[in-house]
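J.: My questions all concern the structure below.
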Amino acid sequence: MGTKLIIDTDPGIDDAFALALAALSTDVDLLGVTTVFGNVSLEATTRNARRILELCGRPDVPVAAGAARPLVHPQAERAAHVHGEDGLSGLSDTLPEPTRALEPSDAVSLLVSLLEAAEEPVTIAPIGPLTNIALLLAAHPHVKPKIARIVIMGGGLGTGNTTPAAEFNIYSDPEAARRVLVDEDVPCVLVPLEITHRCAVSTAWLGELAASGPLGATLEKLTASYQKLYHDELGLDGIVLHDAVAVAEAIKPGLLRTEAYPIEVDCGHGPARGATVADRRPGRRAGTTVEVAVDTDLDGLREFLLTRLAGTR
Ligand code: BDR
Ligand code: CA
């Protein structure tokens, strides 16, 4: 029954859209959702993930909470100024309370049990800091053959959004990101800032979503302060749905065009901490490579997101 998928997330407004995208897609078998600290605290991200699934009518999807902090060093900064103190623009409490209990097991245990039970390879879409995924691969390498791909929202090829060099998810736990992207041999797709920004959706697109029905209207409402931020900081008439772009690729492999590059993650404590460095020199692609998303049919991608979030597919 379609793509087997697990999302690891820190909602987050764009995470909410990404979760809804998977939850509403009839060709996705959403096996579970695991949560991680990131945009806001683990407690808040877990609450938000469960509420979004309830909003989407998916109490069948198990949710387990994972890491509350990075592997080695404290998180340098959260993103409440982007997503609101509660992670959802101050509107988390207006969402439906979850009817399904939080899993008693932790995120890594849920990942292991879902992967062990899977009869076909599973795609994992991490759209927050990579802490849970690094722990999974480090402590439970026997599940690696069960992983089809890890499709990650994170990094930048020449820019950052949290520091001049680093993107938020990677910067939040560079040691974990390095473990996943550099030290492991599981197929990874990295969806960096350059492509997510090019896939920005307009206020007209958001208007169409809002008009599609109560669910679309609720999702659109979550974006009011996010819209203002993108307008004030980037002069954008719309928003960047970073995580939804990655989950779109997880759902429909090949939606984004990728190129394979060796990647390094700067784990030093200088100005480049958390930077993802892709070796794009011609002829230097030996060793472990990561498929980096570089292009897509932009309007096609926006249409894909809209039809699925509007529930017309
Ligand atoms: C990433 O950072 C978070 O704030 C978003 O949810 C997204 O996962 C973008 O850099
Ligand atoms: Ca996120």
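Labels for the structure tokens follow display order: chains A, B, ..., residues from 1 in each chain, ligands from 1.
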Residues of segment 35-126 of chain A that approach segment 176-196 of chain A to 12 Å or less, counting only C-alpha atoms: could you list each one with the shortest pair of atoms and its distance in Å to one decimal, rows by chain and increasing residue number, as a tab-separated table?

T.:
residue	atom	partner	partner_atom	distance
A:Ala67	CA	A:Ala176	CA	11.3
A:Arg69	CA	A:Ala176	CA	11.0
A:Pro70	CA	A:Ala176	CA	7.6
A:Leu71	CA	A:Ala176	CA	6.5
A:Val72	CA	A:Ala176	CA	8.6
A:His73	CA	A:Ala176	CA	10.6
A:Gln75	CA	A:Ala176	CA	12.0
A:Pro121	CA	A:Pro187	CA	11.6
A:Val122	CA	A:Pro187	CA	11.6
A:Thr123	CA	A:Pro187	CA	9.9
A:Ile124	CA	A:Cys188	CA	9.5
A:Ala125	CA	A:Val189	CA	9.4
A:Pro126	CA	A:Leu190	CA	10.0

J.: Okay, now the selection with N, CA, C and O atoms, as a PDB file, in the first residue's frame?

T.:
ATOM      1  N   ALA A  67      14.882  12.330  21.408  1.00  0.00           N
ATOM      2  CA  ALA A  67      15.911  13.097  22.107  1.00  0.00           C
ATOM      3  C   ALA A  67      15.415  14.478  22.513  1.00  0.00           C
ATOM      4  O   ALA A  67      14.759  15.171  21.736  1.00  0.00           O
ATOM      5  N   ARG A  69      17.713  16.685  23.669  1.00  0.00           N
ATOM      6  CA  ARG A  69      18.871  17.574  23.495  1.00  0.00           C
ATOM      7  C   ARG A  69      19.849  16.907  22.529  1.00  0.00           C
ATOM      8  O   ARG A  69      19.724  15.709  22.241  1.00  0.00           O
ATOM      9  N   PRO A  70      20.815  17.675  22.013  1.00  0.00           N
ATOM     10  CA  PRO A  70      21.767  17.090  21.059  1.00  0.00           C
ATOM     11  C   PRO A  70      22.670  16.042  21.717  1.00  0.00           C
ATOM     12  O   PRO A  70      22.711  15.917  22.940  1.00  0.00           O
ATOM     13  N   LEU A  71      23.429  15.319  20.878  1.00  0.00           N
ATOM     14  CA  LEU A  71      24.285  14.240  21.368  1.00  0.00           C
ATOM     15  C   LEU A  71      25.381  14.719  22.307  1.00  0.00           C
ATOM     16  O   LEU A  71      25.636  14.109  23.334  1.00  0.00           O
ATOM     17  N   VAL A  72      26.051  15.809  21.935  1.00  0.00           N
ATOM     18  CA  VAL A  72      27.276  16.183  22.669  1.00  0.00           C
ATOM     19  C   VAL A  72      27.166  17.558  23.324  1.00  0.00           C
ATOM     20  O   VAL A  72      27.323  17.677  24.534  1.00  0.00           O
ATOM     21  N   HIS A  73      26.912  18.567  22.531  1.00  0.00           N
ATOM     22  CA  HIS A  73      26.915  19.947  23.045  1.00  0.00           C
ATOM     23  C   HIS A  73      25.480  20.460  23.175  1.00  0.00           C
ATOM     24  O   HIS A  73      24.603  20.003  22.462  1.00  0.00           O
ATOM     25  N   GLN A  75      22.154  22.620  22.618  1.00  0.00           N
ATOM     26  CA  GLN A  75      21.641  23.307  21.425  1.00  0.00           C
ATOM     27  C   GLN A  75      21.926  24.798  21.550  1.00  0.00           C
ATOM     28  O   GLN A  75      21.631  25.404  22.589  1.00  0.00           O
ATOM     29  N   PRO A 121      11.454  -2.376   2.453  1.00  0.00           N
ATOM     30  CA  PRO A 121      12.243  -1.259   2.992  1.00  0.00           C
ATOM     31  C   PRO A 121      11.396  -0.005   3.238  1.00  0.00           C
ATOM     32  O   PRO A 121      10.456   0.296   2.505  1.00  0.00           O
ATOM     33  N   VAL A 122      11.755   0.697   4.275  1.00  0.00           N
ATOM     34  CA  VAL A 122      11.000   1.856   4.758  1.00  0.00           C
ATOM     35  C   VAL A 122      11.810   3.125   4.499  1.00  0.00           C
ATOM     36  O   VAL A 122      13.021   3.150   4.704  1.00  0.00           O
ATOM     37  N   THR A 123      11.116   4.179   4.091  1.00  0.00           N
ATOM     38  CA  THR A 123      11.763   5.493   3.959  1.00  0.00           C
ATOM     39  C   THR A 123      11.620   6.233   5.282  1.00  0.00           C
ATOM     40  O   THR A 123      10.547   6.233   5.885  1.00  0.00           O
ATOM     41  N   ILE A 124      12.712   6.849   5.721  1.00  0.00           N
ATOM     42  CA  ILE A 124      12.651   7.691   6.919  1.00  0.00           C
ATOM     43  C   ILE A 124      12.860   9.131   6.465  1.00  0.00           C
ATOM     44  O   ILE A 124      13.783   9.415   5.694  1.00  0.00           O
ATOM     45  N   ALA A 125      12.006  10.031   6.929  1.00  0.00           N
ATOM     46  CA  ALA A 125      12.143  11.451   6.578  1.00  0.00           C
ATOM     47  C   ALA A 125      12.415  12.257   7.848  1.00  0.00           C
ATOM     48  O   ALA A 125      11.480  12.634   8.552  1.00  0.00           O
ATOM     49  N   PRO A 126      13.680  12.532   8.156  1.00  0.00           N
ATOM     50  CA  PRO A 126      13.991  13.381   9.301  1.00  0.00           C
ATOM     51  C   PRO A 126      13.896  14.849   8.879  1.00  0.00           C
ATOM     52  O   PRO A 126      14.550  15.278   7.929  1.00  0.00           O
TER      53      PRO A 126
END

J.: Find the residues of chain A that sit at most 9 Å from ligand 1; for each, write down the nearest two atoms and how far apart they are in Å, to one decimal. Count only C-alpha atoms and all ligand atoms. Sort by chain, then by number going up, and give it as a tab-separated table.

T.:
residue	atom	partner	partner_atom_place_in_ligand_line	distance
A:Thr9	CA	ligand 1	8 (O)	7.8
A:Asp10	CA	ligand 1	6 (O)	6.7
A:Pro11	CA	ligand 1	6 (O)	6.5
A:Gly12	CA	ligand 1	6 (O)	5.0
A:Ile13	CA	ligand 1	6 (O)	6.5
A:Asp14	CA	ligand 1	6 (O)	5.3
A:Asp15	CA	ligand 1	6 (O)	5.4
A:Ala16	CA	ligand 1	6 (O)	8.6
A:Gly38	CA	ligand 1	3 (C)	7.4
A:Asn39	CA	ligand 1	4 (O)	5.4
A:Arg78	CA	ligand 1	4 (O)	8.3
A:Ala79	CA	ligand 1	4 (O)	5.9
A:Ala80	CA	ligand 1	4 (O)	8.7
A:Val82	CA	ligand 1	4 (O)	7.0
A:His83	CA	ligand 1	4 (O)	7.3
A:Pro126	CA	ligand 1	8 (O)	8.5
A:Ile127	CA	ligand 1	8 (O)	4.8
A:Gly128	CA	ligand 1	8 (O)	4.9
A:Pro129	CA	ligand 1	8 (O)	7.9
A:Met153	CA	ligand 1	8 (O)	6.0
A:Gly154	CA	ligand 1	10 (O)	6.2
A:Gly155	CA	ligand 1	10 (O)	7.4
A:Gly156	CA	ligand 1	10 (O)	8.9
A:Gly160	CA	ligand 1	10 (O)	8.1
A:Asn161	CA	ligand 1	10 (O)	6.3
A:Thr162	CA	ligand 1	10 (O)	7.6
A:Ala166	CA	ligand 1	10 (O)	8.9
A:Glu167	CA	ligand 1	10 (O)	5.2
A:Phe168	CA	ligand 1	10 (O)	4.5
A:Asn169	CA	ligand 1	2 (O)	5.3
A:Ile170	CA	ligand 1	10 (O)	8.3
A:Pro192	CA	ligand 1	10 (O)	8.2
A:Leu193	CA	ligand 1	10 (O)	6.7
A:Thr196	CA	ligand 1	9 (C)	8.5
A:Val240	CA	ligand 1	9 (C)	8.7
A:Leu241	CA	ligand 1	7 (C)	7.9
A:His242	CA	ligand 1	7 (C)	5.5
A:Asp243	CA	ligand 1	8 (O)	5.2
A:Ala244	CA	ligand 1	8 (O)	8.9

J.: Looking at only C-alpha atoms and all ligand atoms, which of A:Ala23, A:Ala101, A:Ala246, A:Ala107 is the one that sits closest to ligand 2?

T.: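 Among the listed residues, A:Ala246 lies closest to ligand 2.
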
J.: Identify, on the basis of only C-alpha atoms, every residue whose closest approach to segment 277-280 of chain A does not exceed 6 Å; exclude the query and any residue fewer than 2 positions from it along the same chain; express the result as a short mmCIF file (atom, residue, chain, number, x, y, z; two decimals) with C-alpha atoms, in the first residue's frame.

T.:
data_model
loop_
_atom_site.label_atom_id
_atom_site.label_comp_id
_atom_site.auth_asym_id
_atom_site.auth_seq_id
_atom_site.Cartn_x
_atom_site.Cartn_y
_atom_site.Cartn_z
CA TYR A 261 28.32 14.43 -3.70
CA PRO A 262 30.55 13.49 -0.77
CA ILE A 263 29.48 15.64 2.19
CA GLU A 264 31.32 16.84 5.27
#

J.: Write out as a CSV table (one decimal) with all heavy atoms, in the first residue's frame which residues come within 8 Å of Tyr230 of chain A when counting only C-alpha atoms, dropping same-chain ones fewer than 5 positions away.

T.:
chain,number,residue,atom,x,y,z
A,235,GLY,N,11.5,39.8,2.1
A,235,GLY,CA,10.6,40.5,1.1
A,235,GLY,C,9.8,39.5,0.3
A,235,GLY,O,9.3,39.8,-0.8
A,236,LEU,N,9.5,38.3,0.9
A,236,LEU,CA,8.8,37.3,0.1
A,236,LEU,C,7.3,37.4,0.3
A,236,LEU,O,6.8,37.7,1.4
A,236,LEU,CB,9.2,36.0,0.7
A,236,LEU,CG,9.0,34.7,-0.1
A,236,LEU,CD1,9.9,34.8,-1.4
A,236,LEU,CD2,9.4,33.5,0.7
A,237,ASP,N,6.6,37.3,-0.8
A,237,ASP,CA,5.1,37.2,-0.7
A,237,ASP,C,4.7,35.8,-0.6
A,237,ASP,O,4.2,35.1,-1.5
A,237,ASP,CB,4.5,37.8,-2.0
A,237,ASP,CG,3.0,37.6,-2.1
A,237,ASP,OD1,2.3,37.8,-1.2
A,237,ASP,OD2,2.6,37.2,-3.2
A,238,GLY,N,5.0,35.2,0.5
A,238,GLY,CA,4.7,33.8,0.7
A,238,GLY,C,5.6,33.2,1.8
A,238,GLY,O,6.2,33.9,2.6
A,239,ILE,N,5.7,31.9,1.8
A,239,ILE,CA,6.5,31.2,2.8
A,239,ILE,C,7.3,30.0,2.2
A,239,ILE,O,7.0,29.6,1.1
A,239,ILE,CB,5.7,30.6,4.0
A,239,ILE,CG1,4.6,29.7,3.5
A,239,ILE,CG2,5.0,31.8,4.8
A,239,ILE,CD1,3.8,28.9,4.6
A,240,VAL,N,8.3,29.6,3.0
A,240,VAL,CA,9.1,28.5,2.5
A,240,VAL,C,8.7,27.3,3.4
A,240,VAL,O,8.8,27.3,4.6
A,240,VAL,CB,10.6,28.8,2.7
A,240,VAL,CG1,11.5,27.6,2.2
A,240,VAL,CG2,11.0,30.0,1.9

J.: Could you give me, as JSON, numbers by chain, the residues within 10 Å of segment 200-211 of chain A, counting only C-alpha atoms and dropping anything in the same chain fewer than 3 positions from it?

T.: {"A": [195, 196, 197, 214, 215, 216, 217, 218, 219, 220, 221, 223, 227, 236, 237, 238, 239, 240, 241, 242, 245, 298, 299, 301, 302, 303, 305, 306, 307, 308, 309, 310, 311]}

J.: Using DSSP on the backbone coordinates, identify the residues of segment 29-247 of chain A assigned to helix (DSSP H, G or I); present them as a VMD selection string.

T.: chain A and resid 42 to 55 80 to 83 92 to 94 107 to 117 131 to 139 141 to 146 168 to 172 174 to 183 193 to 198 203 to 211 214 to 221 224 to 234 242 to 247

J.: Using only C-alpha atoms and all ligand atoms, which of A:Leu234, A:Leu95, A:Ile152, A:Ala22 sits nearest ligand 2?

T.: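 Nearest candidate to ligand 2 out of A:Leu234, A:Leu95, A:Ile152, A:Ala22: A:Ile152.
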
J.: Work out how far apart atom CA of Leu30 of chain A and atom CA of Ile6 of chain A are and give it in Å to one decimal.

T.: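 For atom CA of Leu30 of chain A relative to atom CA of Ile6 of chain A, the distance reads 6.0 Å.
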